[in-house]
Structure formats: C-alpha cells, structure tokens
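Working notes for the structure below.
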2 protein chains.
Amino acid sequence: MSLAGPLPEGPFGRAPLPLGSVAGFLEPNDPFLTACRGEHPSHTPVWFMRQAGRALPEYRSIRGEGSILDAIRHPELATEITLQPVRRYGVDAAILFSDIVVPVAAIGFGVDVNPGLGPVVERPFASAADLQRLRPLEPEVDMPWAAKTVAILVKELTVPLIGFAGGPFTLASYLIEGGPSRDYAKTKRLMHGDPALWSALLERLADLSARALVAQVQAGAAAVQVFDSWAGSLSPHDYERFVLPAARRIFSAVEGLGVPRIHFGVGTGEILDLMVEAGADVIGVDWRVPLGRAAAKAPGARALQGNLDPAACLAPWDAVAAEARLVLESAPAGMGHVFNLGHGVLPGTDPAVLSRLVELVHEEPPR
Amino acid sequence: MSLAGPLPEGPFGRAPLPLGSVAGFLEPNDPFLTACRGEHPSHTPVWFMRQAGRALPEYRSIRGEGSILDAIRHPELATEITLQPVRRYGVDAAILFSDIVVPVAAIGFGVDVNPGLGPVVERPFASAADLQRLRPLEPEVDMPWAAKTVAILVKELTVPLIGFAGGPFTLASYLIEGGPSRDYAKTKRLMHGDPALWSALLERLADLSARALVAQVQAGAAAVQVFDSWAGSLSPHDYERFVLPAARRIFSAVEGLGVPRIHFGVGTGEILDLMVEAGADVIGVDWRVPLGRAAAKAPGARALQGNLDPAACLAPWDAVAAEARLVLESAPAGMGHVFNLGHGVLPGTDPAVLSRLVELVHEEPPR
C-alpha cells in the first residue's frame, strides 16, 4: 500500500475507467459506479447510509465497549464492521466504517462520539484563538490506520468502497455547538456575526475533510461521499454565501481522482442545485423530495441517490415494499439512480427488512 | 361574552368584514388582516411566533414556577403574558398565550410541557385502546378559561388576536413518541403500519383542535393559526395520504367564521401546495424557502407569513437588519405578506433586537 503514488487523472465517467487502476477487480460495468456515471446498470444498485452499526447483531457482538473512535482506529475491527452489511445484505457498495469527526479528532481538537447522541466536543470553537487548534491534517501521520483499513478492504471487497468525510457546515456546527443541535443557534450567530472567522473556520474544516478523502481514494476507495447532513438548515442564500466556497474546496481536491463524488444532506430541497455546483456528480436526496422533483432541482447531477424514509423501514414489510417501489418509480429515466435511504438506518430497524429491500431493488428492472 | 351566539358566515376577505362583528374595534384596514386578505396594508404587518415567553424578562418575572399549562389556565396571567410582547414590541398581532397540547391535556390524556424540552406524555398512544382516551372536547366545560382569556384580551387589544391549535401530525407525534422526537420513528411506524388506526387518531386530534379554534374565534379571536410544526418531516405523498384529510377537517370547521386561517410548519418546502389545499388562506413559511419561491409553491394562498431565520436574530444588529431586508425584498408583489420569523423566537434572543426589527419592518414601504 502506498499513499505516495500518483493517481490517474481524468473524469471517472468514461472507459477506460481510471477506477480500474485503483481497484482493479471492479468490473467496468459495476452497477454502483455505472449508476454514478449517469448510465444504466444491469440492476439498480443499493446501499444504506449507516448500513454498518447498531442495527446489526453481529456489530453489537463485535463492537464491545469504548468509543467508536477507538474502534475506527483498529484496521481489522473497522474492516470487519465495514464488511458485515455487505455480507448480510448483499449491497452494491461498502462504506468505510468511520465518522465525520475523525479528522478533527485526529489532529487533537478534543472530540468524542457519544453512542446514540453523536459528537461531543470538549472545548467548543468560540473565537479566532481556536483556529490554531485546527492545524492541517497529515493523514499518513495523524490517521495511518484509515488508509490501512481501506487497503485491507479493497482486497476483500468485490463491490466499490465509498470513502467519506464531513461537510463544512455540519462539522462547524458540532465544533461550535459542542454537540448535536436543534436550531444551530451558536453556529448561525457566528456565521452571521463574524463572517471572516466563519470563513476561516470552514476553510480549515474543508481542508481536513479534503485531505482525509484524498487519502482514502489513494488507498483504494472507489467513490467518496461528503456528508453535510445539516446544511439543509440554511436558506439557499446563506448556503451560497457561507458554505458553498468551502464545499467547493473539498470537491475540487478530489476532482480528477477518477472517483464519483456524492454530496448529501437532509432537508436540502432548496439547495440541491448549489450542492451540485459545489462539484458533486451524485446528489443524495432525503425522503422529503420526490426523486422526479430532485432531478429538476439538481441540474448537472449525473445521478441521484436515495430516498426511502428510514422511518418507513420500521413498518411491516408490505408497507416498506410499497414505499420502496414508489421510490424506484419516481427515479427519473434520464439519469443514474443509486437506491438508498433518505438518511441513515435507524437503530430499531430489523436487518431482515433491509435484506428484503436489497432483493426487491435488485429484482425491479432498472429504469 | 357568549360562546353560544352564532357568528356571521362568509369569507373574511371582503368588506364589510364579518370580523367587525367579532372584534368591533378593529379597523377594516387593519394591517395584519389586510395582508392576510392578500391586499396591501399601509405598512407590512409583523408579529413573532413565540413572541411571548422566555425571551422576555417581564415574562420570566411574572411566570413563577409550575407548569406552563397551569399558567395558561389563569385568564389574568395568560392575558398579561399575551399582552407583554404587544406592549414591548409594537407588533401588529397578538397570539393567545397557550400551547398546542392544551386541548389534549384538557380532556385528561395526561400530558405536560417540560420547560425547554416540550410536551411530555405520561402514557403514549400505542394502540386502538388508547383512542378512548381521546374523547371529544367540550371547550366551555373542559377549558372555559380559554374563552375567558380571549374575551378579556379582545377588550384590551387594539391589534387582532390570533387563536391557534396544533396540526394533526405534530400532535400525533407528541402523543405517540411521548415527547419531542428527532426522526418520528414510532409515529411513522404506526402511520405506515396501521393506516386505519392512524386515521382514527388523526381524526380525533383534528376535532380537538377544530373545537378549540372555533371556541377561540367565538370568543373574539380575529385569526387562527394551525401549527403543524413537524409535518415537514413527511414526503408530499405521505402528507397527502396520511395528514391532509385531517388538516382539511380542522380548516373546514373554521371556514365561514370570517377569520383568516394560517397554516404553518417547518421544513415544508415540498408540501406548501398541500398545506394551502387543506383550507388555508395564509401560509407560514420557514426560512429555508425564499418567499418568492414559496409563492410559486403555494398557489391559491392569499398571503405568505415569514420568514427570517430565528437564529439570525442572535447576530449583531447590522446582520439581522440585512437579513430582514432580504426577507422584505423577497416578498412577492402579488400577494399579502405578514412579516414573521421562520419559526419561534429562540430563548437567547435579545428583546431589543425584536423591537428594532418591528421598527425596520414598519419603516420599509410595503411592496
């Protein structure tokens, strides 16, 4: 495994796929990558955000006690947890077992992840003095285990591995609020009140995410997703002024690496166009926006990813199946579709339902 | 004050206003009511959701200890709390100091409101057996203080009083989850899993809200707002199937009472058209949807209400003013505009900022 080797440049979209040189075993007509290119695969690919984790008994039995950030740091454990949902569900993509705060934690900002609650920051970001707590990430020094895990995984997997990182608004919100928030009051106060400091913060966070993503791709990840989960709490005007420049920074860092770039957040119906503009090939859509509408709202995107309501998966199977078919039917014919939930798998979800969902999606003829 | 007297029938929108017979002191060209009719008032009217409450020192000093539901039951106290923001800010409408769970509590379902957290339900709604815990509301028996408060208020006020009630999805979510929720997992499980029980539940909740609203109007409220705050967590398809019929039930109960009907929720960008279809004259819009877009999304609405991000109000004044001007500029010329926040006043908001906001809105020439 080498982190230093240069990667083939060029768009991921055309054969011969630069992807081949990263993860040589992947077929050029791999369903997930084909859909991400906006083309039509043999079957609709499907994976689930948060497919690894608490919903799986095999995860609970292997995870043990301790912080999730510790588990992430162990390549063998992280590999096994990443593989579990691929084995069980037969999904068309794996996603690295990690967390969006990993790079921030790796440079010692002082953040942990509280099970069931989310990130908790010891000393929240409050002023310009806190900028120096956000030094640049050196992935090979600060989080060498990540590339190791990716390298093991790409040897084991026969489906693409998705690497990921946090989007700038979402990371900033955790750092400023000190944890999850309902209204992002402190975050938005800083954003509106001190735009220069805000922009400096977002630039640093974007660089952390960008470097983490590049390292994941160099180690073999075949696609990347930026989770700006809470960016949908902003108006289009605020997203454009206050977040888009930093989002662009992340996406341009992975441009030309030959991997599809997915951009996701919840409640983003009014900013889907801007999320494409940031540099995304694929737009993750939450369940609020029917895919047909999402296509019109996201001109330039090659593919849509989504968007079954994760809470619908808690209903009896017939209801789940009906909802899943609605999603498949709403996927616009003119672009790629990666089936997914509209947000992460909820903890109470029956894994058997997700298995059946994969079967259902694979059986339906792609549009 | 009489609850029994018949009200004049007919649309509120045309002179001679039936409103006159309810609250005779209100001018026919009252700015708030004029904007609600879709007409152009002398100045843009403004009020703030949750304008009474924790943000005000005079509220904190008068409220004392004990549940908010107790405070609501005291007409003198509830009157004073309703008046406080009108006095301080000079807003163009008062909103009854109450809570959306009041009717549910009044029939003894067992619900309280936890300060800073929200409604807490002792024994959540779980099965058909719980339906019998939701008997019809008799406002004059179960909550006579409400009409009493309204009657005192309309004598004191020189601006319209807005009555309000909870929307069916939001009420159902509190009853089923037992309190506030991030993902509405139990609520949606019941909704998808047992549509017959769901619909029976929503019908009862709609009737509770409808009766409470009718009683408020009969006592003198000059407008009503239905807060279906969390309905935006549903896809349009789910809202249409699972909530719209109950929402219609509420709005048709107050149709013909001569008062404008406002419908509000957060994150509702994809369901604004359906929220109008429910029977609303005025659509409350959260800050995610620029008002110009909202107009196109809500055909048939006479007016829009909103939509400054409440979190923006925590910034220094210059930033707040700039944001407020953007809202005013984005209001479409062809319909009424009631300036408001996109959701309730946040607890940390400086009352001085809201005072200046009212001044700013009043000084800008209406569009």
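Each chain of the structure tokens is named A, B, ... in the order shown, its residues numbered from 1; ligands are numbered from 1 in display order.
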Strand (DSSP E or B) per DSSP on the backbone: members of segment 179-228 of chain A, as a compact mmCIF listing (two decimals) with all heavy atoms, in the first residue's frame:
```
# COMPACT_ATOMS: atom_id res chain seq x y z
N ALA A 223 -15.16 5.65 -4.53
CA ALA A 223 -16.12 6.75 -4.58
C ALA A 223 -15.99 7.51 -3.27
O ALA A 223 -15.45 6.98 -2.30
CB ALA A 223 -17.55 6.23 -4.74
N VAL A 224 -16.45 8.75 -3.26
CA VAL A 224 -16.46 9.49 -1.99
C VAL A 224 -17.82 10.15 -1.78
O VAL A 224 -18.51 10.51 -2.73
CB VAL A 224 -15.37 10.60 -1.94
CG1 VAL A 224 -13.98 9.98 -1.93
CG2 VAL A 224 -15.52 11.58 -3.09
N GLN A 225 -18.18 10.25 -0.51
CA GLN A 225 -19.41 10.97 -0.17
C GLN A 225 -19.09 12.03 0.87
O GLN A 225 -18.42 11.74 1.88
CB GLN A 225 -20.49 10.01 0.35
CG GLN A 225 -21.76 10.75 0.80
CD GLN A 225 -23.01 9.88 0.81
OE1 GLN A 225 -23.15 8.96 0.01
NE2 GLN A 225 -23.93 10.16 1.72
N VAL A 226 -19.55 13.23 0.64
CA VAL A 226 -19.45 14.30 1.63
C VAL A 226 -20.79 14.41 2.34
O VAL A 226 -21.82 14.65 1.70
CB VAL A 226 -19.06 15.64 0.97
CG1 VAL A 226 -19.11 16.78 1.99
CG2 VAL A 226 -17.67 15.54 0.34
N PHE A 227 -20.76 14.17 3.65
CA PHE A 227 -21.97 14.27 4.46
C PHE A 227 -22.05 15.68 5.03
O PHE A 227 -21.45 15.97 6.07
CB PHE A 227 -21.93 13.27 5.63
CG PHE A 227 -22.17 11.83 5.24
CD1 PHE A 227 -21.14 11.02 4.82
CD2 PHE A 227 -23.46 11.28 5.32
CE1 PHE A 227 -21.35 9.69 4.48
CE2 PHE A 227 -23.68 9.95 4.98
CZ PHE A 227 -22.64 9.16 4.55
```
Can you check which parts of chain B lie within 8 Å of chain A? Per residue, the shortest pair of atoms and distance in Å to one decimal, counting only C-alpha atoms, sorted by chain and number, as a tab-separated table.
```
residue	atom	partner	partner_atom	distance
B:Asp183	CA	A:Ala311	CA	7.0
B:Tyr184	CA	A:Ala311	CA	7.1
B:Ala185	CA	A:Ala311	CA	5.0
B:Lys186	CA	A:Ala311	CA	7.9
B:Lys188	CA	A:Ala311	CA	6.0
B:Arg189	CA	A:Ala315	CA	4.8
B:Leu190	CA	A:Ala315	CA	7.3
B:His192	CA	A:Ala315	CA	5.8
B:Gly193	CA	A:Ala315	CA	4.9
B:Gly232	CA	A:Arg288	CA	7.7
B:Ser233	CA	A:Arg288	CA	6.9
B:Leu234	CA	A:Arg288	CA	6.0
B:Ser235	CA	A:Arg288	CA	4.2
B:Pro236	CA	A:Arg288	CA	7.0
B:Gly267	CA	A:Gly267	CA	6.8
B:Gly269	CA	A:Gly269	CA	7.2
B:Glu270	CA	A:Val289	CA	6.5
B:Trp287	CA	A:Ser235	CA	6.0
B:Arg288	CA	A:Ser235	CA	4.2
B:Val289	CA	A:Ser235	CA	6.5
B:Pro290	CA	A:Ser235	CA	7.3
B:Ala311	CA	A:Ala185	CA	5.0
B:Ala312	CA	A:Arg189	CA	6.2
B:Cys313	CA	A:Arg189	CA	7.9
B:Leu314	CA	A:Arg189	CA	5.4
B:Ala315	CA	A:Arg189	CA	4.8
B:Pro316	CA	A:Gly193	CA	5.8
B:Ala319	CA	A:His192	CA	6.1
```
Using N, CA and C atoms, can you export the residues from the last selection as a PDB file, in the first residue's frame?
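Output below, filename result20.pdb:
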```pdb
ATOM      1  N   ASP B 183     -36.643  11.790  14.739  1.00  0.00           N
ATOM      2  CA  ASP B 183     -36.947  11.085  13.487  1.00  0.00           C
ATOM      3  C   ASP B 183     -38.390  10.571  13.387  1.00  0.00           C
ATOM      4  N   TYR B 184     -39.187  10.757  14.439  1.00  0.00           N
ATOM      5  CA  TYR B 184     -40.605  10.358  14.392  1.00  0.00           C
ATOM      6  C   TYR B 184     -40.756   8.877  14.040  1.00  0.00           C
ATOM      7  N   ALA B 185     -39.850   8.062  14.568  1.00  0.00           N
ATOM      8  CA  ALA B 185     -39.807   6.640  14.201  1.00  0.00           C
ATOM      9  C   ALA B 185     -41.103   5.920  14.586  1.00  0.00           C
ATOM     10  N   LYS B 186     -41.538   6.073  15.828  1.00  0.00           N
ATOM     11  CA  LYS B 186     -42.766   5.379  16.260  1.00  0.00           C
ATOM     12  C   LYS B 186     -43.985   5.925  15.520  1.00  0.00           C
ATOM     13  N   LYS B 188     -44.172   7.296  12.553  1.00  0.00           N
ATOM     14  CA  LYS B 188     -44.241   6.851  11.166  1.00  0.00           C
ATOM     15  C   LYS B 188     -44.464   5.344  11.075  1.00  0.00           C
ATOM     16  N   ARG B 189     -43.977   4.610  12.071  1.00  0.00           N
ATOM     17  CA  ARG B 189     -44.244   3.174  12.075  1.00  0.00           C
ATOM     18  C   ARG B 189     -45.750   2.930  12.174  1.00  0.00           C
ATOM     19  N   LEU B 190     -46.392   3.649  13.083  1.00  0.00           N
ATOM     20  CA  LEU B 190     -47.844   3.489  13.195  1.00  0.00           C
ATOM     21  C   LEU B 190     -48.555   3.984  11.933  1.00  0.00           C
ATOM     22  N   HIS B 192     -47.493   4.144   8.800  1.00  0.00           N
ATOM     23  CA  HIS B 192     -47.363   3.217   7.678  1.00  0.00           C
ATOM     24  C   HIS B 192     -47.920   1.841   8.020  1.00  0.00           C
ATOM     25  N   GLY B 193     -47.815   1.477   9.281  1.00  0.00           N
ATOM     26  CA  GLY B 193     -48.129   0.099   9.648  1.00  0.00           C
ATOM     27  C   GLY B 193     -49.591  -0.141   9.950  1.00  0.00           C
ATOM     28  N   GLY B 232     -43.455  18.839   8.072  1.00  0.00           N
ATOM     29  CA  GLY B 232     -42.424  18.878   7.052  1.00  0.00           C
ATOM     30  C   GLY B 232     -41.473  17.695   7.107  1.00  0.00           C
ATOM     31  N   SER B 233     -41.653  16.818   8.075  1.00  0.00           N
ATOM     32  CA  SER B 233     -40.830  15.603   8.104  1.00  0.00           C
ATOM     33  C   SER B 233     -41.424  14.520   7.205  1.00  0.00           C
ATOM     34  N   LEU B 234     -42.517  14.843   6.531  1.00  0.00           N
ATOM     35  CA  LEU B 234     -43.163  13.869   5.645  1.00  0.00           C
ATOM     36  C   LEU B 234     -42.920  14.220   4.180  1.00  0.00           C
ATOM     37  N   SER B 235     -42.864  13.192   3.352  1.00  0.00           N
ATOM     38  CA  SER B 235     -42.842  13.423   1.911  1.00  0.00           C
ATOM     39  C   SER B 235     -44.218  13.937   1.491  1.00  0.00           C
ATOM     40  N   PRO B 236     -44.307  14.594   0.338  1.00  0.00           N
ATOM     41  CA  PRO B 236     -45.614  15.082  -0.125  1.00  0.00           C
ATOM     42  C   PRO B 236     -46.634  13.941  -0.224  1.00  0.00           C
ATOM     43  N   GLY B 267     -39.728  23.201   7.515  1.00  0.00           N
ATOM     44  CA  GLY B 267     -39.239  22.229   6.530  1.00  0.00           C
ATOM     45  C   GLY B 267     -40.313  21.762   5.566  1.00  0.00           C
ATOM     46  N   GLY B 269     -41.117  22.894   2.541  1.00  0.00           N
ATOM     47  CA  GLY B 269     -40.936  23.362   1.163  1.00  0.00           C
ATOM     48  C   GLY B 269     -41.620  22.508   0.110  1.00  0.00           C
ATOM     49  N   GLU B 270     -41.724  21.202   0.368  1.00  0.00           N
ATOM     50  CA  GLU B 270     -42.311  20.315  -0.640  1.00  0.00           C
ATOM     51  C   GLU B 270     -43.812  20.110  -0.468  1.00  0.00           C
ATOM     52  N   TRP B 287     -37.567  29.591   7.079  1.00  0.00           N
ATOM     53  CA  TRP B 287     -36.521  30.393   6.429  1.00  0.00           C
ATOM     54  C   TRP B 287     -35.835  29.654   5.294  1.00  0.00           C
ATOM     55  N   ARG B 288     -36.102  28.363   5.142  1.00  0.00           N
ATOM     56  CA  ARG B 288     -35.413  27.611   4.084  1.00  0.00           C
ATOM     57  C   ARG B 288     -35.908  27.981   2.692  1.00  0.00           C
ATOM     58  N   VAL B 289     -37.151  28.413   2.598  1.00  0.00           N
ATOM     59  CA  VAL B 289     -37.739  28.673   1.287  1.00  0.00           C
ATOM     60  C   VAL B 289     -37.877  30.183   1.079  1.00  0.00           C
ATOM     61  N   PRO B 290     -37.107  30.756   0.158  1.00  0.00           N
ATOM     62  CA  PRO B 290     -37.263  32.188  -0.111  1.00  0.00           C
ATOM     63  C   PRO B 290     -38.721  32.478  -0.488  1.00  0.00           C
ATOM     64  N   ALA B 311     -32.503  32.034  14.166  1.00  0.00           N
ATOM     65  CA  ALA B 311     -31.114  32.007  14.635  1.00  0.00           C
ATOM     66  C   ALA B 311     -30.340  33.223  14.155  1.00  0.00           C
ATOM     67  N   ALA B 312     -30.767  33.812  13.047  1.00  0.00           N
ATOM     68  CA  ALA B 312     -30.092  35.022  12.553  1.00  0.00           C
ATOM     69  C   ALA B 312     -30.288  36.178  13.519  1.00  0.00           C
ATOM     70  N   CYS B 313     -31.380  36.126  14.311  1.00  0.00           N
ATOM     71  CA  CYS B 313     -31.665  37.210  15.264  1.00  0.00           C
ATOM     72  C   CYS B 313     -30.667  37.256  16.415  1.00  0.00           C
ATOM     73  N   LEU B 314     -29.813  36.249  16.508  1.00  0.00           N
ATOM     74  CA  LEU B 314     -28.808  36.233  17.569  1.00  0.00           C
ATOM     75  C   LEU B 314     -27.549  36.983  17.161  1.00  0.00           C
ATOM     76  N   ALA B 315     -27.482  37.352  15.896  1.00  0.00           N
ATOM     77  CA  ALA B 315     -26.290  38.047  15.388  1.00  0.00           C
ATOM     78  C   ALA B 315     -26.361  39.534  15.737  1.00  0.00           C
ATOM     79  N   PRO B 316     -25.262  40.268  15.541  1.00  0.00           N
ATOM     80  CA  PRO B 316     -25.283  41.720  15.743  1.00  0.00           C
ATOM     81  C   PRO B 316     -26.331  42.377  14.833  1.00  0.00           C
ATOM     82  N   ALA B 319     -26.272  42.654  10.916  1.00  0.00           N
ATOM     83  CA  ALA B 319     -26.513  41.400  10.194  1.00  0.00           C
ATOM     84  C   ALA B 319     -28.004  41.059  10.215  1.00  0.00           C
TER      85      ALA B 319
END
```
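If you look at atom CA of Val102 of chain A and atom CA of Leu69 of chain A, they are 7.1 Å away from each other.
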### Query
Skipping near chain neighbours, those fewer than 2 positions away, what residues fall within 8 Å of segment 106-123 of chain B using only C-alpha atoms, listed as an MDAnalysis selection string?
chainID B and resid 67:69 101:104 125 133:137 142:143 174:175 178:180
### Task
Quick one: everything within 7 Å of Thr170 of chain B, counting only C-alpha atoms, minus sequence neighbours fewer than 4 positions away in the same chain. Send it as an MDAnalysis selection string.
chainID B and resid 166 174 228:231
### Task
Mind the document's chain letters and residue numbers, and return as a PyMOL selection string the residues of segment 10-146 of chain A that DSSP labels alpha helix (DSSP H).
chain A and resi 19-22+31-36+57-63+68-72+75-89+102-106+139-142+144-146
### Message
When you look at segment 352-362 of chain B with a cut-off of 8 Å (counting only C-alpha atoms), what residues show up, excluding the ones that are within fewer than 5 positions of it in the same chain? I need them as a PyMOL selection string.
### Response
chain B and resi 43-47+88-91+313+317+321+324+328+339
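If only C-alpha atoms are the atoms counted, then among A:Ala301, A:Leu153, A:Ala295, A:Ala105 the closest residue to Ser209 of chain A is A:Ala105.
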### Message
So that I can see what lies close to Val154 of chain A, please list as a VMD selection string the residues with an atom at most 8 Å from it, counting only C-alpha atoms and leaving out residues fewer than 6 positions away in the same chain.
### Response
chain A and resid 23 160 to 161 220 to 221
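Summary of the local environment: counting only C-alpha atoms, residues at most 6 Å from Ile262 of chain B, other than itself and those fewer than 3 positions away along its chain, are Gln225, Ala280, Val282 and Ile283 of chain B.
Put simply, atom CA of Glu363 of chain B is 24.8 Å away from atom CA of Pro260 of chain B.
Take atom CA of Gly53 of chain A and atom CA of Gly66 of chain A: the distance between them is 14.2 Å.
Proximity ranking of B:Ile250, B:Arg211, B:Ala146, B:Gln132 relative to His74 of chain B places B:Ala146 first, based on only C-alpha atoms.
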